[in-house]
Amino acid sequence: MRFTLAGLLVVPLVSLVALWGFAASSTLSNALHEHNYNRLIALSSTPTDNLVNQVSQERLQTFTWLSTDPRPSKVQLTASRNRTDAAVSAYRRMLRQTGGLRPSSEKPAQATLVRLLSRLPTIRASVDAETLSAATAFQAYSNIMDAVFAVYSASEQVNSNLSVDRQTDASMDAAQALEYASRESA
């Protein structure tokens, strides 16, 4: 009788443990994924925002400098370049810190952005030598901005199941709209 009673209790107990294990695994993986995504956003938002702001500001300063005749002093342009250099350095540091958190689908877009950022000295040298027109220089900086939004889009595709996704999409759309508006105003 004791063996039969134990047998009757084992089946429901094993079923409950299996059900709990399934529920925990499906909930835990989503929670871990969202935690890593939130951590990535927390670590990368400030350096990325600074990069976007400084590249945009340098683009405007460069366009203004190249469009003005006679050329004004380079004081503002040089200050803008120094702030951009600091933002690029902070962005590269952030990339090293967050490498394991970044989705693999983002890597091609990230590589394009890093490549374009490494061309900044060449763009600046051409601007200083006045071998680039204002429009061509403006486009070179705009290509960097487009690459930033390509990185956003690549990371967004991976995280489409997260509860924060709609807010992120709206913020990225608004930021991209501001970027296009700033291009139009220049």
# chains A, B, ... in the order shown; residues from 1 in each chain; ligands from 1
>>> select_by_dssp(residues="region 22-176 of chain A", states="alpha helix (DSSP H)", output="PyMOL selection string")
chain A and resi 22-67+75-97+107-118+120-128+134-158+165-176
>>> residues_around(residues="region 131-139 of chain A", least_positions_apart="4", cutoff="8 Å", atoms="only C-alpha atoms", output="VMD selection string")
chain A and resid 59 to 60 62 to 64 66 to 67 123 126 to 127 143
>>> closest_residue(among="A:Ala147, A:Ala140, A:Leu117, A:Ala154", to="Ser104 (chain A)", atoms="only C-alpha atoms")
A:Ala154
>>> closest_residue(among="A:Leu113, A:Ala129, A:Asp85, A:Leu95", to="Ser45 (chain A)", atoms="only C-alpha atoms")
A:Leu95
>>> residues_around(residues="Leu43 (chain A)", least_positions_apart="5", cutoff="10 Å", atoms="only C-alpha atoms", output="number ranges by chain")
A: 37-38, 48, 94-95, 97-98
>>> atom_distance(atom1="CA of Thr84 (chain A)", atom2="CA of Val55 (chain A)")
6.0 Å
>>> closest_residue(among="A:Asn50, A:Ser44, A:Thr122, A:Thr112", to="Arg96 (chain A)", atoms="only C-alpha atoms")
A:Ser44
>>> residues_around(residues="Ala150 (chain A)", least_positions_apart="5", cutoff="10 Å", atoms="only C-alpha atoms", output="list in words")
Glu106, Pro108, Ala109, Gln110, Thr112, Leu113, Ile144, Met145, Ser155 and Glu156 of chain A
>>> atom_distance(atom1="CA of Thr78 (chain A)", atom2="CA of Ala111 (chain A)")
26.7 Å
>>> closest_residue(among="A:Glu130, A:Arg83, A:Val52, A:Arg119", to="Asp146 (chain A)", atoms="only C-alpha atoms")
A:Val52
>>> atom_distance(atom1="CA of Val151 (chain A)", atom2="CA of Arg81 (chain A)")
22.7 Å
>>> closest_residue(among="A:Ser185, A:Ser105, A:Ser56, A:Ser118", to="Ser153 (chain A)", atoms="only C-alpha atoms")
A:Ser105
>>> decode(residues="region 21-165 of chain A", atoms="C-alpha atoms", output="PDB file, in the first residue's frame")
ATOM      1  CA  GLY A  21      10.900  24.000 -15.297  1.00  0.00           C
ATOM      2  CA  PHE A  22       9.276  24.814 -18.631  1.00  0.00           C
ATOM      3  CA  ALA A  23       7.704  28.020 -17.292  1.00  0.00           C
ATOM      4  CA  ALA A  24      10.955  29.123 -15.665  1.00  0.00           C
ATOM      5  CA  SER A  25      13.051  28.466 -18.777  1.00  0.00           C
ATOM      6  CA  SER A  26      10.743  30.375 -21.129  1.00  0.00           C
ATOM      7  CA  THR A  27      10.392  33.298 -18.706  1.00  0.00           C
ATOM      8  CA  LEU A  28      14.057  33.374 -17.750  1.00  0.00           C
ATOM      9  CA  SER A  29      15.355  33.515 -21.318  1.00  0.00           C
ATOM     10  CA  ASN A  30      13.107  36.486 -22.154  1.00  0.00           C
ATOM     11  CA  ALA A  31      14.055  38.254 -18.924  1.00  0.00           C
ATOM     12  CA  LEU A  32      17.759  37.671 -19.548  1.00  0.00           C
ATOM     13  CA  HIS A  33      17.456  38.898 -23.124  1.00  0.00           C
ATOM     14  CA  GLU A  34      15.639  42.066 -22.024  1.00  0.00           C
ATOM     15  CA  HIS A  35      18.165  42.631 -19.213  1.00  0.00           C
ATOM     16  CA  ASN A  36      21.082  42.427 -21.673  1.00  0.00           C
ATOM     17  CA  TYR A  37      19.289  44.744 -24.100  1.00  0.00           C
ATOM     18  CA  ASN A  38      18.590  47.293 -21.351  1.00  0.00           C
ATOM     19  CA  ARG A  39      22.212  47.083 -20.200  1.00  0.00           C
ATOM     20  CA  LEU A  40      23.420  47.639 -23.767  1.00  0.00           C
ATOM     21  CA  ILE A  41      21.175  50.680 -24.121  1.00  0.00           C
ATOM     22  CA  ALA A  42      22.315  52.081 -20.773  1.00  0.00           C
ATOM     23  CA  LEU A  43      25.981  51.710 -21.717  1.00  0.00           C
ATOM     24  CA  SER A  44      25.718  52.902 -25.297  1.00  0.00           C
ATOM     25  CA  SER A  45      23.131  55.679 -25.310  1.00  0.00           C
ATOM     26  CA  THR A  46      25.324  58.524 -24.019  1.00  0.00           C
ATOM     27  CA  PRO A  47      28.379  57.838 -26.221  1.00  0.00           C
ATOM     28  CA  THR A  48      26.165  57.321 -29.263  1.00  0.00           C
ATOM     29  CA  ASP A  49      24.133  60.470 -28.602  1.00  0.00           C
ATOM     30  CA  ASN A  50      27.338  62.466 -28.159  1.00  0.00           C
ATOM     31  CA  LEU A  51      28.734  61.035 -31.380  1.00  0.00           C
ATOM     32  CA  VAL A  52      25.598  61.963 -33.320  1.00  0.00           C
ATOM     33  CA  ASN A  53      25.498  65.466 -31.859  1.00  0.00           C
ATOM     34  CA  GLN A  54      29.176  66.181 -32.426  1.00  0.00           C
ATOM     35  CA  VAL A  55      29.333  64.811 -35.981  1.00  0.00           C
ATOM     36  CA  SER A  56      26.239  66.839 -36.805  1.00  0.00           C
ATOM     37  CA  GLN A  57      27.770  69.959 -35.270  1.00  0.00           C
ATOM     38  CA  GLU A  58      31.070  69.455 -37.088  1.00  0.00           C
ATOM     39  CA  ARG A  59      29.164  68.940 -40.332  1.00  0.00           C
ATOM     40  CA  LEU A  60      27.393  72.262 -39.841  1.00  0.00           C
ATOM     41  CA  GLN A  61      30.605  74.082 -38.884  1.00  0.00           C
ATOM     42  CA  THR A  62      32.406  72.618 -41.916  1.00  0.00           C
ATOM     43  CA  PHE A  63      29.595  73.511 -44.291  1.00  0.00           C
ATOM     44  CA  THR A  64      29.473  77.051 -42.928  1.00  0.00           C
ATOM     45  CA  TRP A  65      33.251  77.446 -43.120  1.00  0.00           C
ATOM     46  CA  LEU A  66      33.407  76.186 -46.713  1.00  0.00           C
ATOM     47  CA  SER A  67      30.410  78.297 -47.759  1.00  0.00           C
ATOM     48  CA  THR A  68      31.760  81.571 -46.391  1.00  0.00           C
ATOM     49  CA  ASP A  69      33.967  83.775 -48.514  1.00  0.00           C
ATOM     50  CA  PRO A  70      36.381  84.998 -47.321  1.00  0.00           C
ATOM     51  CA  ARG A  71      37.047  82.058 -45.024  1.00  0.00           C
ATOM     52  CA  PRO A  72      36.536  82.886 -41.364  1.00  0.00           C
ATOM     53  CA  SER A  73      38.872  81.824 -38.585  1.00  0.00           C
ATOM     54  CA  LYS A  74      39.030  78.104 -37.923  1.00  0.00           C
ATOM     55  CA  VAL A  75      38.605  78.540 -34.157  1.00  0.00           C
ATOM     56  CA  GLN A  76      35.025  77.244 -34.060  1.00  0.00           C
ATOM     57  CA  LEU A  77      35.752  74.519 -36.606  1.00  0.00           C
ATOM     58  CA  THR A  78      38.790  73.332 -34.651  1.00  0.00           C
ATOM     59  CA  ALA A  79      36.833  73.300 -31.385  1.00  0.00           C
ATOM     60  CA  SER A  80      34.078  71.300 -33.060  1.00  0.00           C
ATOM     61  CA  ARG A  81      36.617  68.828 -34.440  1.00  0.00           C
ATOM     62  CA  ASN A  82      38.145  68.371 -30.984  1.00  0.00           C
ATOM     63  CA  ARG A  83      34.711  67.628 -29.498  1.00  0.00           C
ATOM     64  CA  THR A  84      34.034  65.165 -32.328  1.00  0.00           C
ATOM     65  CA  ASP A  85      37.363  63.426 -31.708  1.00  0.00           C
ATOM     66  CA  ALA A  86      36.457  63.049 -28.023  1.00  0.00           C
ATOM     67  CA  ALA A  87      33.029  61.659 -28.964  1.00  0.00           C
ATOM     68  CA  VAL A  88      34.583  59.186 -31.434  1.00  0.00           C
ATOM     69  CA  SER A  89      37.052  58.002 -28.766  1.00  0.00           C
ATOM     70  CA  ALA A  90      34.245  57.534 -26.231  1.00  0.00           C
ATOM     71  CA  TYR A  91      32.193  55.666 -28.837  1.00  0.00           C
ATOM     72  CA  ARG A  92      35.069  53.313 -29.643  1.00  0.00           C
ATOM     73  CA  ARG A  93      35.617  52.656 -25.922  1.00  0.00           C
ATOM     74  CA  MET A  94      31.927  51.859 -25.571  1.00  0.00           C
ATOM     75  CA  LEU A  95      32.142  49.406 -28.489  1.00  0.00           C
ATOM     76  CA  ARG A  96      34.934  47.525 -26.718  1.00  0.00           C
ATOM     77  CA  GLN A  97      32.931  47.443 -23.471  1.00  0.00           C
ATOM     78  CA  THR A  98      29.696  46.238 -25.049  1.00  0.00           C
ATOM     79  CA  GLY A  99      31.021  43.794 -27.641  1.00  0.00           C
ATOM     80  CA  GLY A 100      29.486  40.733 -25.975  1.00  0.00           C
ATOM     81  CA  LEU A 101      26.079  42.393 -25.593  1.00  0.00           C
ATOM     82  CA  ARG A 102      25.725  43.452 -29.213  1.00  0.00           C
ATOM     83  CA  PRO A 103      23.703  41.302 -31.622  1.00  0.00           C
ATOM     84  CA  SER A 104      25.670  39.703 -34.444  1.00  0.00           C
ATOM     85  CA  SER A 105      23.272  41.181 -37.022  1.00  0.00           C
ATOM     86  CA  GLU A 106      24.620  44.610 -36.095  1.00  0.00           C
ATOM     87  CA  LYS A 107      28.261  43.821 -36.909  1.00  0.00           C
ATOM     88  CA  PRO A 108      28.250  44.719 -40.645  1.00  0.00           C
ATOM     89  CA  ALA A 109      26.555  48.068 -39.977  1.00  0.00           C
ATOM     90  CA  GLN A 110      28.888  48.718 -37.040  1.00  0.00           C
ATOM     91  CA  ALA A 111      31.928  47.931 -39.205  1.00  0.00           C
ATOM     92  CA  THR A 112      30.710  50.417 -41.823  1.00  0.00           C
ATOM     93  CA  LEU A 113      30.278  53.111 -39.169  1.00  0.00           C
ATOM     94  CA  VAL A 114      33.744  52.498 -37.712  1.00  0.00           C
ATOM     95  CA  ARG A 115      35.245  52.622 -41.214  1.00  0.00           C
ATOM     96  CA  LEU A 116      33.515  55.936 -41.962  1.00  0.00           C
ATOM     97  CA  LEU A 117      34.621  57.372 -38.612  1.00  0.00           C
ATOM     98  CA  SER A 118      38.208  56.434 -39.430  1.00  0.00           C
ATOM     99  CA  ARG A 119      37.906  58.545 -42.600  1.00  0.00           C
ATOM    100  CA  LEU A 120      37.294  61.731 -40.596  1.00  0.00           C
ATOM    101  CA  PRO A 121      40.968  62.818 -40.756  1.00  0.00           C
ATOM    102  CA  THR A 122      40.915  62.437 -44.550  1.00  0.00           C
ATOM    103  CA  ILE A 123      37.691  64.441 -44.834  1.00  0.00           C
ATOM    104  CA  ARG A 124      39.154  67.152 -42.610  1.00  0.00           C
ATOM    105  CA  ALA A 125      42.388  67.294 -44.587  1.00  0.00           C
ATOM    106  CA  SER A 126      40.410  67.729 -47.807  1.00  0.00           C
ATOM    107  CA  VAL A 127      38.317  70.450 -46.177  1.00  0.00           C
ATOM    108  CA  ASP A 128      41.445  72.243 -44.949  1.00  0.00           C
ATOM    109  CA  ALA A 129      42.991  72.010 -48.409  1.00  0.00           C
ATOM    110  CA  GLU A 130      39.675  73.249 -49.838  1.00  0.00           C
ATOM    111  CA  THR A 131      39.544  70.356 -52.308  1.00  0.00           C
ATOM    112  CA  LEU A 132      36.014  69.402 -51.229  1.00  0.00           C
ATOM    113  CA  SER A 133      33.002  71.520 -52.016  1.00  0.00           C
ATOM    114  CA  ALA A 134      30.684  72.427 -49.168  1.00  0.00           C
ATOM    115  CA  ALA A 135      28.068  70.022 -50.536  1.00  0.00           C
ATOM    116  CA  THR A 136      30.537  67.134 -50.876  1.00  0.00           C
ATOM    117  CA  ALA A 137      31.839  67.639 -47.348  1.00  0.00           C
ATOM    118  CA  PHE A 138      28.272  67.852 -46.077  1.00  0.00           C
ATOM    119  CA  GLN A 139      27.496  64.531 -47.787  1.00  0.00           C
ATOM    120  CA  ALA A 140      30.586  62.875 -46.299  1.00  0.00           C
ATOM    121  CA  TYR A 141      29.404  63.771 -42.802  1.00  0.00           C
ATOM    122  CA  SER A 142      25.836  62.768 -43.683  1.00  0.00           C
ATOM    123  CA  ASN A 143      27.135  59.331 -44.701  1.00  0.00           C
ATOM    124  CA  ILE A 144      28.422  58.914 -41.140  1.00  0.00           C
ATOM    125  CA  MET A 145      25.020  59.890 -39.766  1.00  0.00           C
ATOM    126  CA  ASP A 146      23.312  57.404 -42.104  1.00  0.00           C
ATOM    127  CA  ALA A 147      25.670  54.698 -40.834  1.00  0.00           C
ATOM    128  CA  VAL A 148      24.662  55.469 -37.236  1.00  0.00           C
ATOM    129  CA  PHE A 149      21.004  54.967 -38.137  1.00  0.00           C
ATOM    130  CA  ALA A 150      21.890  51.748 -39.979  1.00  0.00           C
ATOM    131  CA  VAL A 151      23.400  50.454 -36.716  1.00  0.00           C
ATOM    132  CA  TYR A 152      20.201  51.422 -34.896  1.00  0.00           C
ATOM    133  CA  SER A 153      18.116  49.584 -37.493  1.00  0.00           C
ATOM    134  CA  ALA A 154      20.265  46.453 -37.309  1.00  0.00           C
ATOM    135  CA  SER A 155      20.013  46.266 -33.516  1.00  0.00           C
ATOM    136  CA  GLU A 156      16.297  47.049 -33.607  1.00  0.00           C
ATOM    137  CA  GLN A 157      15.535  44.031 -35.816  1.00  0.00           C
ATOM    138  CA  VAL A 158      16.907  41.643 -33.206  1.00  0.00           C
ATOM    139  CA  ASN A 159      14.910  43.084 -30.321  1.00  0.00           C
ATOM    140  CA  SER A 160      11.474  43.225 -31.932  1.00  0.00           C
ATOM    141  CA  ASN A 161       9.901  41.078 -29.180  1.00  0.00           C
ATOM    142  CA  LEU A 162      10.793  43.360 -26.307  1.00  0.00           C
ATOM    143  CA  SER A 163       8.201  45.453 -24.545  1.00  0.00           C
ATOM    144  CA  VAL A 164      10.366  48.543 -24.977  1.00  0.00           C
ATOM    145  CA  ASP A 165      10.559  48.069 -28.749  1.00  0.00           C
TER     146      ASP A 165
END
